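Student: The structure's right below; bear with me while I get my questions together.
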Amino acid sequence: MRLIKLSANQESFRTIEFNTTGLSLILASKKVEDTLKTYNSTGKSLSIALTHFCLGSSNNKAFGENLPDWEFQLQFEINGKAYESRRSTKKQGDIFLNNKKYSLEKFRGFMFDMLFETPEQAEYISFRSLISRFIRPGKFAYNDATIYIRKEQDPVRQLNNAYLLGLDTKLISDKLRFRKELKEAKDFKKQLEGNPDFKAFLEKQPVRLNPDIKIKSLKDEIERLQKSLQSFVIAEDYNSLKLEADKKTREIAERMNEVVRFKNVIANIENTLLLRKDIPVEKVLKMYDEAKVEIPDLVKRTAQEAEQFHLKILSDRTSRLIKEKQKFEGLVAAENAKIALLDRERSELLQFLKGRGALEEYLDLTRRITDATQQLEKFEFFKEFTTKQKNRINEIEIALKDGNIQANNYLSENEALLEDNIALFQSIVRDCYDDKTAGINVANNEGDNQIRFNIDPYIDTGGSGGGVDKVEIFCYDWMILLAQHHHQVKVIWHDSLIFEGVDTRQKSTLLKFALEQSEQKGLQYIIALNQNEFDDIQNQFPEIARRLYHRCVLELTDESDEMKLLGQRVIMEYDKG
């Protein structure tokens with residue numbers, strides 16, 4: 001992929017026609033002597049943002065609000081075939097490629113297929129994540145060689161960098177996936193253990209409850225209840241029959257109470273009949289005779305007459321009590337007969353109701369089955385949680401340890417690839433620093449994290465500083481471009497931020513490298529420079545400055561709005577990085 005031209009539908013726009021090979025210079029010149037004005041207002045950085053806009057970047061609110069009627073076009077070529085992408089600031093969800101409308105997602109998918117090889121593990125590797133490593137999208141992208149995209153997570157960053165270094169992305173994705181699964185498993189365990197409902201459920205159970213025992217008990221209960229439910233017959237008149245049976249039970253109890261009362265009366269009569277009779281008169285007279293006490297004949301006759309009268313009364317009373325006893329014995333027999341009849345009738349009702357019931361009882365059975373089933377599910381889930389979940393955590397931890405071994409073996413088996421990357425990086429560094437140690441350290445990260453490989457480009461300057469971090473960025477980007485691992489991108493675009501803190505000699509050396517390599521290898525290097533940077537180079541290395549200016553494709557100045565990129569005055573914060 002090479003860039004050909006960036007243009008817009010507004011005549012005021014300063015169209016940029018890139019050199020298809022070699023270096024393309026965008027020069028921001030300061031013509032007005034005003035200390036309040038800087039190079040940043042001319043649009044050199046905006047040109048990068050607009051290029052990304054035409055390459056399917058996320059919707060840009062500032063473009064929609066401040067450039068409502070603008071449409072930008074980017075012409076580029078891939079493997080000799082020309083393409084033009086066109087995108088409006090008003091309808092940013094659509095993008096046209098060779099006049100065919102695409103959604104942003106489909107456009108990005110098409111561009112990925114055209115420029116990049118599909119990795120074995122493609123998740124988190126996308127056209128946008130990769131193209132930003134050739135055209136750094138904002139000032140946040142110039143702080144570290146391996147950081148390109150704002151808020152890009154470390155695992156995603158190392159995955160994309162490893163891909164462009166030719167490393168095995170599956171090893172990286174595996175650790176990322178296992179660490180994610182392990183976190184989810186542990187979070188789920190913690191969340192479940194802390195769930196108030198589940199804790200309350202467990203606290204109601206016996207201490208050290210064995211789930212298997214409770215599960216077996218619940219299964220037996222459910223089986224018993226289901227059998228009862230299957231044989232259950234709903235009697236439409238169940239309630240009335242049940243009431244009648246209850247009524248007979250109450251009547252039987254009442255009559256049995258009567259029987260008890262009657263029997264008590266009979267017992268009292270029998271006790272009365274057993275009472276001792278009075279002493280006979282003859283015995284009394286004998287006692288007086290033996291005592292030599294003489295009783296008159298009149299008294300004797302009166303006593304004998306009284307005795308006869310009393311005996312008659314006693315005989316009448318006994319006859320009456322016997323009749324009373326016989327009466328109550330008859331009442332007892334009658335009540336027992338009635339009780340027997342009521343008991344038979346009640347038994348017949350209960351026999352009929354056996355196996356039958358009211359709708360309420362049927363619903364109660366189903367409710368009890370539902371409750372027992374829910375309890376069973378909870379215990380079965382608890383059992384599964386305490387076994388399968390713990391086993392899963394152990395399996396993941398084993399897989400992570402196995403992944404550490406695989407990664408160590410992989411680095412040992414692919415030393416040639418690593419050495420090629422290091423050698424290429426070193427060759428670029430030597431053009432700036434003659435004898436400094438440099439390389440790209442790729443190490444297996446066995447820590448408790450989502451990082452598989454630590455990727456660390458470095459230049460040992462002995463602590464001299466001098467913008468070494470920016471030189472690392474320059475050399476790292478060129479290494480990725482020249483290595484051509486898995487991609488067909490032929491362009492690097494750097495903002496002037498790439499040279500912040502870098503001295504003039506090193507700037508000139510790096511730009512000389514870019515001039516020669518891009519021409520020799522048929523590549524494309526786009527660089528934005530400020531006038532003062534160009535002047536410093538021209539003063540110390542006029543030949544390099546001459547070659548640079550010869551490759552200038554656009555000069556932006558602050559002398560008027562027409563000389564800025566948009567050709568008009570527009571103040572907007574399009575990049576908050």
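Residue numbering restarts at 1 in every chain; chains get A, B, ... in the order shown in the structure tokens, and ligands count up from 1 in that same order.
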Using DSSP on the backbone, list every residue of stretch 508-538 of chain A that comes out as strand (DSSP E), and give them as JSON, numbers by chain.
Tutor: {"A": [524, 525, 526, 527, 528, 529, 530]}
Student: Could the residues in this selection be saved with N, CA and C atoms as a PDB file, in the first residue's frame?
Tutor:
ATOM      1  N   GLN A 524       7.813   4.207   0.716  1.00  0.00           N
ATOM      2  CA  GLN A 524       7.303   5.569   0.828  1.00  0.00           C
ATOM      3  C   GLN A 524       7.462   6.039   2.268  1.00  0.00           C
ATOM      4  N   TYR A 525       8.138   7.184   2.431  1.00  0.00           N
ATOM      5  CA  TYR A 525       8.290   7.761   3.767  1.00  0.00           C
ATOM      6  C   TYR A 525       7.779   9.187   3.720  1.00  0.00           C
ATOM      7  N   ILE A 526       6.776   9.476   4.562  1.00  0.00           N
ATOM      8  CA  ILE A 526       6.178  10.809   4.625  1.00  0.00           C
ATOM      9  C   ILE A 526       6.560  11.414   5.958  1.00  0.00           C
ATOM     10  N   ILE A 527       7.114  12.643   5.913  1.00  0.00           N
ATOM     11  CA  ILE A 527       7.570  13.303   7.123  1.00  0.00           C
ATOM     12  C   ILE A 527       7.075  14.749   7.131  1.00  0.00           C
ATOM     13  N   ALA A 528       6.546  15.158   8.273  1.00  0.00           N
ATOM     14  CA  ALA A 528       6.157  16.563   8.450  1.00  0.00           C
ATOM     15  C   ALA A 528       7.239  17.241   9.269  1.00  0.00           C
ATOM     16  N   LEU A 529       7.755  18.351   8.773  1.00  0.00           N
ATOM     17  CA  LEU A 529       8.807  19.098   9.470  1.00  0.00           C
ATOM     18  C   LEU A 529       8.386  20.541   9.658  1.00  0.00           C
ATOM     19  N   ASN A 530       8.838  21.115  10.768  1.00  0.00           N
ATOM     20  CA  ASN A 530       8.657  22.547  10.983  1.00  0.00           C
ATOM     21  C   ASN A 530       9.822  23.297  10.346  1.00  0.00           C
TER      22      ASN A 530
END
Student: Please provide the set of residues having any atom within 8 Å of A:Ser508, restricted to only C-alpha atoms, with same-chain residues fewer than 6 positions apart removed, written as a PyMOL selection string.
Tutor: chain A and resi 537+541+544
Student: Restrict the selected residues to C-alpha atoms and save them as a compact mmCIF listing (two decimals), in the first residue's frame.
Tutor:
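New file selection39.txt:
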# COMPACT_ATOMS: atom_id res chain seq x y z
CA ILE A 537 19.45 20.86 8.88
CA PHE A 541 23.85 19.60 6.31
CA ILE A 544 20.51 16.70 2.89
Student: Could you list, as a ChimeraX atom specification, every residue within 12 Å of A:Glu254, counting only C-alpha atoms and ignoring same-chain residues fewer than 3 positions away?
Tutor: /A:247-251,257-261,335-336,338-339,342
Student: Leaving out stretch 48-59 of chain A and any residue of its chain fewer than 6 positions from it, which residues lie within 10 Å of it when counting only C-alpha atoms, given as a ChimeraX atom specification?
Tutor: /A:3,5-8,71-75,84-89,91-97,103-108,111,127-129,131-132,135-138,493-495,528,574-575
Student: So, with only C-alpha atoms as the atoms that count, which of A:Asp144, A:Asn444, A:Ile451, A:Asn414 lies closest to A:Arg179?
Tutor: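 Among A:Asp144, A:Asn444, A:Ile451, A:Asn414, it is A:Ile451 that comes nearest to A:Arg179.
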